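K.L.:
Here you go, final_36.txt (compact mmCIF, C-alpha atoms):
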```txt
# COMPACT_ATOMS: atom_id res chain seq x y z
CA MET A 187 151.98 -80.62 160.06
CA ARG A 188 148.25 -81.29 159.76
CA ALA A 189 148.08 -81.88 163.54
CA ILE A 190 149.73 -78.51 164.16
CA HIS A 191 147.14 -76.73 162.03
CA ARG A 192 144.37 -78.37 164.12
CA LEU A 193 145.70 -76.92 167.37
CA HIS A 194 143.32 -74.57 169.19
CA ALA A 195 144.46 -71.16 170.43
CA LEU A 196 144.27 -72.52 173.99
CA ASP A 197 146.59 -75.37 172.96
CA TRP A 198 149.17 -72.83 171.84
CA MET A 199 148.73 -70.92 175.09
CA ALA A 200 149.23 -74.08 177.16
CA GLY A 201 152.36 -74.99 175.21
CA GLY A 202 153.68 -71.46 175.54
CA VAL A 203 153.19 -71.40 179.31
CA LEU A 204 154.99 -74.73 179.70
CA ALA A 205 157.81 -73.59 177.42
CA CYS A 206 158.15 -70.41 179.48
CA GLY A 207 158.34 -72.42 182.70
CA LEU A 208 160.96 -74.78 181.28
CA LEU A 209 162.96 -71.81 180.00
CA CYS A 210 162.94 -70.30 183.50
CA LEU A 211 164.24 -73.59 184.85
CA ALA A 212 166.90 -73.94 182.16
CA THR A 213 168.23 -70.40 182.61
CA GLY A 214 168.42 -70.65 186.41
CA LEU A 215 165.67 -68.11 187.09
CA LEU A 216 163.91 -70.99 188.83
CA PRO A 217 166.21 -73.07 191.06
CA THR A 218 165.85 -76.83 190.72
CA GLU A 219 164.84 -77.40 194.36
CA PRO A 220 161.63 -75.31 194.38
CA ALA A 221 160.84 -76.57 190.88
CA GLY A 222 161.15 -80.15 192.08
CA ASP A 223 158.97 -79.42 195.12
CA ALA A 224 156.30 -77.90 192.87
CA MET A 225 156.29 -80.88 190.54
CA VAL A 226 156.02 -83.34 193.44
CA ARG A 227 152.97 -81.43 194.68
CA ILE A 228 151.15 -81.45 191.34
CA ILE A 229 151.76 -85.03 190.15
CA PRO A 230 148.71 -86.34 192.08
CA LEU A 231 146.71 -83.34 190.85
CA LEU A 232 147.60 -84.11 187.23
CA ALA A 233 146.63 -87.75 187.73
CA PHE A 234 143.27 -86.63 189.13
CA LEU A 235 142.62 -84.16 186.30
CA GLY A 236 143.44 -86.67 183.59
CA THR A 237 141.41 -89.56 184.97
CA VAL A 238 138.37 -87.58 186.10
CA ILE A 239 137.95 -86.02 182.66
CA VAL A 240 138.14 -89.43 181.00
CA LEU A 241 135.50 -90.61 183.47
CA ALA A 242 133.31 -87.60 182.65
CA GLU A 243 133.63 -88.14 178.89
CA LEU A 244 132.68 -91.82 179.07
CA THR A 245 129.86 -91.14 181.52
CA SER A 246 128.49 -88.51 179.16
CA ARG A 247 128.62 -90.97 176.24
CA ALA A 248 126.73 -93.49 178.37
CA GLN A 249 123.95 -90.83 178.72
CA VAL A 250 124.10 -90.75 182.51
CA PHE A 251 124.03 -86.95 182.44
CA ASP A 252 120.97 -86.91 180.19
CA VAL A 253 119.07 -89.06 182.67
CA VAL A 254 120.03 -86.84 185.62
CA ALA A 255 119.23 -83.68 183.66
CA SER A 256 115.73 -84.84 182.80
CA ALA A 257 115.09 -85.73 186.47
CA VAL A 258 116.13 -82.22 187.61
CA ALA A 259 113.96 -80.62 184.92
CA ARG A 260 110.94 -82.67 185.96
CA ALA A 261 111.47 -81.69 189.60
CA GLY A 262 111.23 -78.01 188.58
CA ARG A 263 107.73 -78.62 187.12
CA GLY A 264 108.11 -75.92 184.50
CA SER A 265 108.90 -73.13 186.99
CA TYR A 266 112.07 -71.12 186.30
CA PRO A 267 112.45 -69.92 189.93
CA ALA A 268 112.13 -73.53 191.14
CA LEU A 269 114.61 -74.72 188.53
CA PHE A 270 117.00 -71.93 189.53
CA VAL A 271 116.91 -72.94 193.21
CA LEU A 272 117.31 -76.63 192.36
CA CYS A 273 120.36 -75.92 190.20
CA VAL A 274 121.94 -73.71 192.89
CA VAL A 275 121.39 -76.34 195.59
CA PHE A 276 122.64 -79.12 193.32
CA ALA A 277 125.82 -77.26 192.39
CA SER A 278 126.49 -76.06 195.95
CA VAL A 279 126.05 -79.46 197.58
CA THR A 280 128.19 -81.15 194.94
CA THR A 281 131.01 -78.65 195.45
CA ILE A 282 130.84 -78.69 199.26
CA THR A 283 130.72 -82.47 199.69
CA LEU A 284 132.94 -83.50 196.78
CA ASN A 285 135.36 -81.09 195.15
CA LEU A 286 135.12 -78.00 192.96
CA ASP A 287 137.04 -79.71 190.14
CA THR A 288 134.66 -82.67 190.29
CA THR A 289 131.74 -80.23 190.06
CA ALA A 290 133.26 -78.59 187.00
CA VAL A 291 133.81 -81.91 185.27
CA LEU A 292 130.76 -83.95 186.28
CA LEU A 293 128.09 -81.30 186.85
CA THR A 294 128.75 -79.11 183.80
CA PRO A 295 127.59 -81.83 181.37
CA VAL A 296 124.49 -82.35 183.54
CA MET A 297 123.61 -78.66 183.31
CA LEU A 298 124.26 -78.50 179.58
CA ALA A 299 122.25 -81.65 179.00
CA LEU A 300 119.46 -80.10 181.08
CA ALA A 301 119.38 -77.05 178.80
CA SER A 302 119.23 -79.28 175.75
CA ARG A 303 116.53 -81.52 177.19
CA VAL A 304 114.10 -78.69 178.00
CA GLY A 305 115.04 -76.33 175.17
CA ILE A 306 116.28 -73.40 177.25
CA ALA A 307 119.41 -71.25 177.05
CA ALA A 308 122.56 -73.11 178.09
CA VAL A 309 124.58 -70.12 179.36
CA PRO A 310 122.61 -69.49 182.60
CA LEU A 311 123.00 -73.14 183.57
CA ALA A 312 126.67 -73.18 182.60
CA MET A 313 127.42 -70.04 184.60
CA THR A 314 125.60 -71.47 187.63
CA THR A 315 128.00 -74.40 187.56
CA VAL A 316 131.27 -72.50 187.17
CA TRP A 317 130.46 -69.78 189.68
CA LEU A 318 129.27 -72.14 192.42
CA ALA A 319 132.15 -74.52 191.78
CA ASN A 320 134.32 -71.70 193.09
CA THR A 321 132.14 -69.74 195.51
CA ALA A 322 130.67 -72.83 197.27
CA SER A 323 134.10 -74.36 198.01
CA LEU A 324 134.76 -72.87 201.47
CA LEU A 325 133.11 -75.23 203.91
CA LEU A 326 135.01 -78.54 204.07
CA PRO A 327 138.63 -79.59 203.46
CA VAL A 328 137.52 -81.80 200.55
CA SER A 329 135.70 -78.89 198.87
CA ASN A 330 138.94 -77.35 197.61
CA LEU A 331 142.59 -78.41 197.59
CA THR A 332 143.50 -75.07 199.15
CA ASN A 333 141.24 -75.94 202.10
CA LEU A 334 143.34 -79.01 202.85
CA LEU A 335 146.43 -76.84 203.08
CA ALA A 336 144.68 -74.23 205.22
CA ALA A 337 143.17 -76.81 207.58
CA ASP A 338 146.64 -78.17 208.34
CA ARG A 339 148.01 -74.69 208.93
CA VAL A 340 145.26 -73.60 211.35
CA ALA A 341 144.95 -77.08 212.92
CA LEU A 342 141.23 -77.40 212.18
CA SER A 343 139.39 -80.68 211.75
CA PRO A 344 136.74 -80.92 209.01
CA ALA A 345 134.08 -80.13 211.63
CA GLY A 346 136.19 -77.29 212.99
CA LEU A 347 136.69 -75.75 209.56
CA ALA A 348 132.96 -76.06 208.84
CA ALA A 349 132.10 -74.43 212.17
CA ARG A 350 134.38 -71.49 211.36
CA MET A 351 133.39 -71.08 207.71
CA TRP A 352 129.68 -71.90 207.49
CA VAL A 353 128.53 -68.29 207.74
CA PRO A 354 131.00 -67.00 205.09
CA GLN A 355 129.95 -69.95 202.92
CA LEU A 356 126.25 -69.11 203.15
CA VAL A 357 126.99 -65.45 202.43
CA SER A 358 129.10 -66.37 199.41
CA ILE A 359 126.36 -68.59 197.98
CA ALA A 360 123.71 -65.92 198.62
CA VAL A 361 125.73 -63.26 196.77
CA THR A 362 126.28 -65.72 193.92
CA MET A 363 122.54 -66.38 193.68
CA VAL A 364 121.80 -62.66 193.43
CA CYS A 365 124.38 -62.18 190.67
CA LEU A 366 123.21 -65.27 188.79
CA TRP A 367 119.60 -64.08 188.84
CA LEU A 368 120.40 -60.51 187.82
CA PHE A 369 122.88 -61.36 185.07
CA PHE A 370 121.56 -64.62 183.65
CA TRP A 371 118.32 -66.02 185.07
CA ARG A 372 115.81 -63.18 185.29
CA ARG A 373 113.18 -62.60 182.63
CA GLY A 374 114.74 -61.44 179.38
CA ARG A 375 118.09 -63.08 180.17
CA ARG A 376 117.25 -66.75 180.28
CA GLY A 377 115.94 -67.08 176.72
CA ALA A 378 112.33 -68.14 177.42
CA ASP A 379 109.42 -67.53 179.80
CA GLY A 380 108.87 -71.14 180.78
CA TYR A 381 109.59 -74.71 179.88
CA VAL A 382 107.78 -78.00 179.57
CA PRO A 383 109.19 -80.72 181.86
CA PRO A 384 110.55 -83.52 179.69
CA ALA A 385 109.75 -87.20 179.85
CA ALA A 386 112.18 -89.52 181.59
CA HIS A 387 115.21 -90.15 179.41
CA ARG A 388 115.89 -93.74 178.36
CA PRO A 389 119.59 -94.51 177.69
CA ALA A 390 120.44 -96.26 174.44
CA ASP A 391 122.70 -98.84 176.14
CA ARG A 392 121.44 -99.75 179.60
CA VAL A 393 124.55 -101.75 180.47
CA LEU A 394 126.91 -98.86 179.76
CA PHE A 395 124.56 -96.52 181.60
CA ARG A 396 124.47 -98.67 184.71
CA VAL A 397 128.19 -99.38 184.79
CA CYS A 398 129.16 -95.72 184.33
CA ALA A 399 126.54 -94.55 186.84
CA LEU A 400 127.91 -97.02 189.40
CA ALA A 401 131.48 -95.95 188.59
CA CYS A 402 130.58 -92.32 189.28
CA ALA A 403 128.69 -93.23 192.45
CA GLY A 404 131.63 -95.31 193.65
CA PHE A 405 134.00 -92.43 192.93
CA LEU A 406 131.87 -90.02 194.94
CA LEU A 407 131.44 -92.44 197.85
CA ALA A 408 135.18 -93.16 197.91
CA ILE A 409 135.90 -89.46 198.23
CA LEU A 410 133.38 -89.07 201.04
CA LEU A 411 133.93 -92.24 203.04
CA ALA A 412 137.37 -93.64 202.25
CA ASP A 413 140.69 -92.14 203.21
CA ILE A 414 142.24 -92.41 199.75
CA PRO A 415 143.71 -89.79 197.40
CA LEU A 416 141.39 -88.19 194.86
CA TRP A 417 143.45 -89.47 191.92
CA MET A 418 143.18 -93.09 193.05
CA ALA A 419 139.40 -92.85 193.29
CA SER A 420 139.04 -91.16 189.90
CA ALA A 421 141.51 -93.57 188.24
CA ALA A 422 139.65 -96.62 189.54
CA ALA A 423 136.31 -95.25 188.37
CA ALA A 424 137.72 -94.33 184.94
CA LEU A 425 139.15 -97.84 184.54
CA VAL A 426 135.75 -99.39 185.30
CA ALA A 427 134.04 -97.15 182.75
CA ALA A 428 136.75 -97.79 180.14
CA ALA A 429 136.47 -101.54 180.64
CA ALA A 430 132.74 -101.38 180.01
CA PHE A 431 133.24 -99.39 176.81
CA ALA A 432 135.99 -101.79 175.69
CA VAL A 433 133.39 -104.55 175.75
CA ARG A 434 130.31 -102.66 174.57
CA GLN A 435 131.58 -99.76 172.40
CA ARG A 436 135.31 -99.98 171.75
CA SER A 437 135.25 -97.16 169.15
CA ALA A 438 134.61 -94.60 171.92
CA LEU A 439 138.01 -95.27 173.50
CA ARG A 440 140.28 -92.75 171.79
CA VAL A 441 143.48 -90.97 172.79
CA SER A 442 141.61 -87.66 172.43
CA LEU A 443 139.69 -88.50 175.63
CA ILE A 444 142.80 -87.49 177.59
CA PRO A 445 142.86 -83.71 178.33
CA TRP A 446 146.32 -83.05 176.90
CA ARG A 447 145.86 -79.27 177.01
CA LEU A 448 145.35 -79.19 180.77
CA LEU A 449 148.11 -81.70 181.42
CA VAL A 450 150.49 -79.38 179.59
CA LEU A 451 149.15 -76.11 181.03
CA VAL A 452 149.12 -77.00 184.74
CA PRO A 453 152.83 -77.84 185.13
CA GLY A 454 153.68 -74.73 183.13
CA LEU A 455 151.54 -72.57 185.41
CA PHE A 456 153.21 -73.91 188.54
CA LEU A 457 156.70 -73.45 187.11
CA VAL A 458 155.98 -69.87 186.05
CA VAL A 459 154.35 -68.92 189.36
CA GLU A 460 157.14 -70.57 191.34
CA THR A 461 159.66 -68.57 189.30
CA VAL A 462 157.84 -65.35 190.11
CA ASN A 463 157.58 -66.40 193.74
CA VAL A 464 161.32 -66.97 194.25
CA ASN A 465 162.10 -63.73 192.43
CA GLY A 466 160.06 -61.32 194.53
CA LEU A 467 156.42 -62.45 194.65
CA HIS A 468 156.74 -63.55 198.27
CA ASP A 469 158.01 -60.15 199.35
CA ALA A 470 155.32 -58.38 197.30
CA LEU A 471 152.56 -60.51 198.82
CA SER A 472 153.90 -59.92 202.32
CA ALA A 473 153.90 -56.15 201.75
CA ALA A 474 150.43 -56.18 200.20
CA MET A 475 148.76 -58.22 202.95
CA GLY A 476 150.70 -56.89 205.92
CA THR A 477 150.82 -58.60 209.30
CA ASP A 478 147.66 -57.11 210.83
CA GLY A 479 145.32 -59.81 212.10
CA GLY A 480 142.50 -57.31 212.56
CA LEU A 481 139.68 -56.32 210.25
CA LEU A 482 141.88 -54.38 207.83
CA GLY A 483 144.31 -57.29 207.60
CA LEU A 484 141.47 -59.67 206.77
CA PHE A 485 140.17 -57.48 203.95
CA ARG A 486 143.68 -56.99 202.57
CA ALA A 487 144.34 -60.74 202.57
CA GLY A 488 141.03 -61.49 200.84
CA ALA A 489 141.60 -58.82 198.21
CA VAL A 490 145.16 -59.94 197.50
CA GLY A 491 144.12 -63.60 197.29
CA GLY A 492 141.26 -62.91 194.90
CA GLY A 493 143.15 -60.41 192.77
CA MET A 494 146.32 -62.46 192.37
CA SER A 495 144.34 -65.63 191.68
CA ASN A 496 142.80 -63.97 188.63
CA VAL A 497 146.21 -62.80 187.46
CA LEU A 498 147.93 -66.16 187.95
CA ASN A 499 145.98 -69.13 189.37
CA ASN A 500 144.47 -69.66 192.78
CA LEU A 501 146.30 -72.83 193.86
CA PRO A 502 149.89 -71.64 193.31
CA VAL A 503 148.90 -68.18 194.58
CA TYR A 504 147.61 -69.68 197.82
CA LEU A 505 150.80 -71.70 198.24
CA ALA A 506 152.88 -68.56 197.68
CA ALA A 507 150.73 -66.29 199.87
CA GLU A 508 150.33 -68.72 202.76
CA SER A 509 153.94 -68.30 203.81
CA ALA A 510 153.47 -64.50 203.83
CA VAL A 511 150.81 -64.72 206.57
CA PRO A 512 152.20 -64.72 210.15
CA VAL A 513 151.79 -68.13 211.80
CA GLY A 514 149.41 -66.89 214.50
CA ASN A 515 147.08 -64.94 212.16
CA HIS A 516 144.57 -67.76 211.61
CA ASP A 517 141.71 -65.46 210.65
CA GLN A 518 143.90 -63.63 208.14
CA LEU A 519 144.81 -66.98 206.62
CA LEU A 520 141.12 -67.89 206.37
CA ALA A 521 140.45 -64.53 204.71
CA LEU A 522 143.19 -65.35 202.21
CA LEU A 523 141.45 -68.68 201.65
CA ILE A 524 138.18 -66.86 200.93
CA GLY A 525 139.97 -64.69 198.37
CA THR A 526 141.61 -67.63 196.59
CA ASN A 527 138.44 -69.76 196.63
CA VAL A 528 135.65 -67.26 196.00
CA GLY A 529 137.56 -64.68 193.96
CA PRO A 530 138.82 -66.74 190.96
CA VAL A 531 135.73 -66.18 188.78
CA VAL A 532 137.01 -63.39 186.53
CA THR A 533 139.65 -64.90 184.23
CA PRO A 534 139.45 -68.34 182.55
CA TRP A 535 142.73 -69.49 184.14
CA ALA A 536 142.01 -68.26 187.68
CA SER A 537 141.21 -71.76 188.98
CA LEU A 538 141.55 -75.28 187.66
CA ALA A 539 137.79 -75.69 188.06
CA THR A 540 137.22 -72.80 185.65
CA LEU A 541 139.69 -74.31 183.18
CA LEU A 542 137.90 -77.66 183.44
CA TRP A 543 134.57 -75.91 182.95
CA PHE A 544 135.79 -74.21 179.78
CA GLU A 545 137.02 -77.61 178.56
CA ARG A 546 133.58 -79.17 179.16
CA CYS A 547 131.75 -76.26 177.52
CA HIS A 548 134.07 -76.41 174.50
CA ALA A 549 133.48 -80.16 174.17
CA GLN A 550 129.69 -79.60 174.26
CA GLY A 551 129.78 -76.74 171.74
CA VAL A 552 128.66 -74.07 174.25
CA ARG A 553 130.31 -70.66 173.94
CA VAL A 554 130.24 -67.98 176.64
CA SER A 555 131.24 -64.47 175.60
CA LEU A 556 134.60 -63.65 177.17
CA LYS A 557 133.48 -60.05 177.66
CA VAL A 558 130.39 -61.17 179.57
CA PHE A 559 132.42 -63.70 181.56
CA LEU A 560 135.00 -61.12 182.62
CA GLY A 561 132.51 -58.34 183.39
CA THR A 562 130.00 -60.35 185.41
CA GLY A 563 132.76 -62.31 187.13
CA ALA A 564 134.43 -59.10 188.29
CA VAL A 565 131.20 -57.95 189.93
CA LEU A 566 130.68 -61.31 191.62
CA ALA A 567 134.30 -61.56 192.82
CA ALA A 568 134.30 -58.10 194.38
CA CYS A 569 130.91 -58.49 196.10
CA ALA A 570 131.32 -62.11 197.24
CA VAL A 571 134.86 -61.73 198.62
CA LEU A 572 133.97 -58.51 200.46
CA ALA A 573 130.77 -59.95 201.94
CA SER A 574 132.33 -63.30 202.89
CA VAL A 575 135.34 -61.72 204.60
CA ALA A 576 132.97 -59.39 206.48
CA ALA A 577 131.01 -62.45 207.61
CA LEU A 578 134.24 -64.11 208.75
CA ALA A 579 135.17 -61.03 210.76
CA ALA A 580 131.70 -60.74 212.28
CA THR A 581 131.67 -64.34 213.56
CA ARG A 582 135.15 -64.65 215.08
```
Will you turn the file into C-alpha cells for me?
P.N.:
Amino acid sequence: MRAIHRLHALDWMAGGVLACGLLCLATGLLPTEPAGDAMVRIIPLLAFLGTVIVLAELTSRAQVFDVVASAVARAGRGSYPALFVLCVVFASVTTITLNLDTTAVLLTPVMLALASRVGIAAVPLAMTTVWLANTASLLLPVSNLTNLLAADRVALSPAGLAARMWVPQLVSIAVTMVCLWLFFWRRGRRGADGYVPPAAHRPADRVLFRVCALACAGFLLAILLADIPLWMASAAAALVAAAAFAVRQRSALRVSLIPWRLLVLVPGLFLVVETVNVNGLHDALSAAMGTDGGLLGLFRAGAVGGGMSNVLNNLPVYLAAESAVPVGNHDQLLALLIGTNVGPVVTPWASLATLLWFERCHAQGVRVSLKVFLGTGAVLAACAVLASVAALAATR
C-alpha cells in the first residue's frame, strides 16, 4: 500500500495506457497477430531503453557528466553566445552520429550538470537537448529508428540518405537555433548576463570515473563502427559500469535504477496505437496524406506525421503512416519522416527521446513548465517541419 502511495502521476498514466492496450487485446479490438508483430518489434527497443538508462544513471554517479560539463563551460570562456553555439553543435552531432534516445539519456545530464557547474539557469540547456534530440535526427539511419525503416523503404544507403536529407537537416537545426535563442537563451530569458568558467572538475572516485567513461565511449564506438544492435551495445556497457560499482560502491546498485515507468508505458503505447490503426487509422492517414507525390503531397505528409506524432507517438505513427504512402512516392515518404522526426516536440509523449528527457530532468530535480513546453514546442514544430519539407522539395 505504501508503494502505491509513492507512485507518480506519470506512473499511473503508464499503467493506465498498458491496461488499455491489454484490454483492447482481451476484447478482440486488437487481433493477436498485429499485437504479436508489434511486440516483436519493440522487444529490442525496450532492452535498449532499460539498459541505456541504467548506464546513464551509473555514469552520472561516477561524475563523468560533471567533468564533461566543466570542459564545455571552459570552452565557452564566459560568453553566452559561444556557449549557446557549443551546446547546439554538441547536441546536434551527438544526435546525428549516435541516436536521439542516446542524446536524451546521456547528454541531458551533461547539460544539467553544466548549468549547475556555472550557476546558470538549467531550462535553456535542457530545452536545447530535447529539441535537438528530435530536430537533428534526420541525417543518418542511426540518428532515429524511423530512419532505419525509411532507408529500407526508399533503398537508400547511409550516404544516400545523408545526400538527400542534409539540406533539410541544416534547415531544421537553423530553425531550432532561432527558436531556442528567442524563447530561452536571449538576454532576460537565460537567468544571468554572463558566467565565470569553472575549474576542471575532479571526480571523487577516479576508478569509477574511468571505467564508466570507457564504458560510454565503447558504447558509442560500437554503435558507430560495429554492426550490432543498439540494445547489445548498451547492455554490454551497462554491465561493465555495474560491475565497477559492484566492486567500488555496491550501495548504488538498486532496483530503482531500472526505468520501470517507460518499460510499462512503451508496450502500452504500441498496443493502443496498433488498435487504432487496425480500426481505421490507416484509412484516415491515407485520406489525410493523399497519393500526390508533388509539393502539396509533401506538405500534407509532413503535417500529418508531425501532428499525429504529438497526438500518439512518432514511432508507431510512422509505422502506421508508412503503409499509407504509395510505394513509388519516395519524397512523400521522406516528408513523412521529417514530420515524425522534427515535429514531435509539442507533447511529452510525442517521442521516446522526449519521454527519456523528462525522466532525466525529473531525476535531476529540474522542472519545465508544461505550458511553456507546449507553447514553444508548437511554434518550433510548425516552423521547422514547414521549412524542412520546403527544403526537401527544393532539392529534389
K.L.:
Here is a test: counting only C-alpha atoms, which residue of A:Ala277, A:Ile414, A:Val393, A:Ala261 is nearest to A:Met363?
P.N.:
A:Ala277
K.L.:
Just how far from atom CA of A:Ser420 is atom CA of A:Pro295, in Å to one decimal?
P.N.:
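Between atom CA of A:Pro295 and atom CA of A:Ser420 the gap is 17.1 Å.
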K.L.:
Which of these, A:Leu538, A:Ala242, A:Ala307, A:Cys210, has the shortest distance to A:Gly380 once you count all atoms listed in the file?
P.N.:
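For A:Gly380, the nearest of the given residues is A:Ala307.
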K.L.:
What gap, in Å, lies between atom CA of A:Thr218 and atom CA of A:Ala200?
P.N.:
21.6 Å
K.L.:
How many Å separate atom CA of A:Ala474 from atom CA of A:Ala567?
P.N.:
18.5 Å
K.L.:
Can you list, as a PDB file with C-alpha atoms, in the coordinates of the input, every protein, DNA or RNA residue that comes within 9 Å of A:Gly563 when you count all atoms listed in the file, leaving out same-chain residues fewer than 6 positions away?
P.N.:
```pdb
ATOM      1  CA  TRP A 317     130.460 -69.780 189.680  1.00  0.00           C
ATOM      2  CA  GLY A 529     137.560 -64.680 193.960  1.00  0.00           C
ATOM      3  CA  PRO A 530     138.820 -66.740 190.960  1.00  0.00           C
ATOM      4  CA  VAL A 531     135.730 -66.180 188.780  1.00  0.00           C
ATOM      5  CA  VAL A 532     137.010 -63.390 186.530  1.00  0.00           C
ATOM      6  CA  THR A 533     139.650 -64.900 184.230  1.00  0.00           C
TER       7      THR A 533
END
```
K.L.:
If we count only C-alpha atoms and set the cut-off at 12 Å, which residues sit around A:Ala438, ignoring sequence neighbours fewer than 5 positions away in its own chain? Please answer as a list in words.
P.N.:
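The filter keeps Val240, Glu243, Leu244, Thr245, Ser246, Arg247, Ala248, Leu394, Ala427, Ala428, Ala429, Ala430, Phe431, Ala432, Val433 and Leu443 of chain A.
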K.L.:
Between A:Leu556, A:Leu520, A:Ala539, A:Cys547, which one has atoms that come closest to A:Thr294, using only C-alpha atoms?
P.N.:
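Checking each candidate against A:Thr294, we get A:Cys547 as the closest.
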K.L.:
Taking all atoms of stretch 437-443 of chain A that the file lists and extending 3 Å past them on each side, where is the centre of the axis-aligned box and how long are its edges? Answer in Å to one decimal, as lines of an AutoDock Vina configuration file.
P.N.:
```
center_x = 139.0
center_y = -92.4
center_z = 172.4
size_x = 14.9
size_y = 15.5
size_z = 12.5
```
K.L.:
Name the residues in contact with A:Cys569 at a cut-off of 10 Å, using all atoms listed in the file, excluding same-chain residues fewer than 5 positions from it; report them as a PyMOL selection string.
P.N.:
chain A and resi 358+361-362+365+528-529+563-564+574
K.L.:
Please determine, counting all atoms listed in the file, which residue among A:Leu449, A:Leu325, A:Met199, A:Leu519 has the shortest atom-to-atom distance to A:Pro344.
P.N.:
A:Leu325
K.L.:
Choose the residue, out of A:Leu347, A:Val250, A:Leu505, A:Leu566, that has the smallest atom-to-atom separation from A:Trp367; count all atoms listed in the file.
P.N.:
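Selected residue with least distance to A:Trp367: A:Leu566.
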K.L.:
Could you tell me, as JSON, numbers by chain, which residues have any atom at most 12 Å from (117.3, -85.7, 186.6), counting all atoms listed in the file?
P.N.:
{"A": [249, 250, 251, 252, 253, 254, 255, 256, 257, 258, 259, 260, 261, 262, 263, 269, 272, 273, 276, 293, 296, 297, 299, 300, 301, 303, 304, 383, 384, 385, 386, 387, 388]}
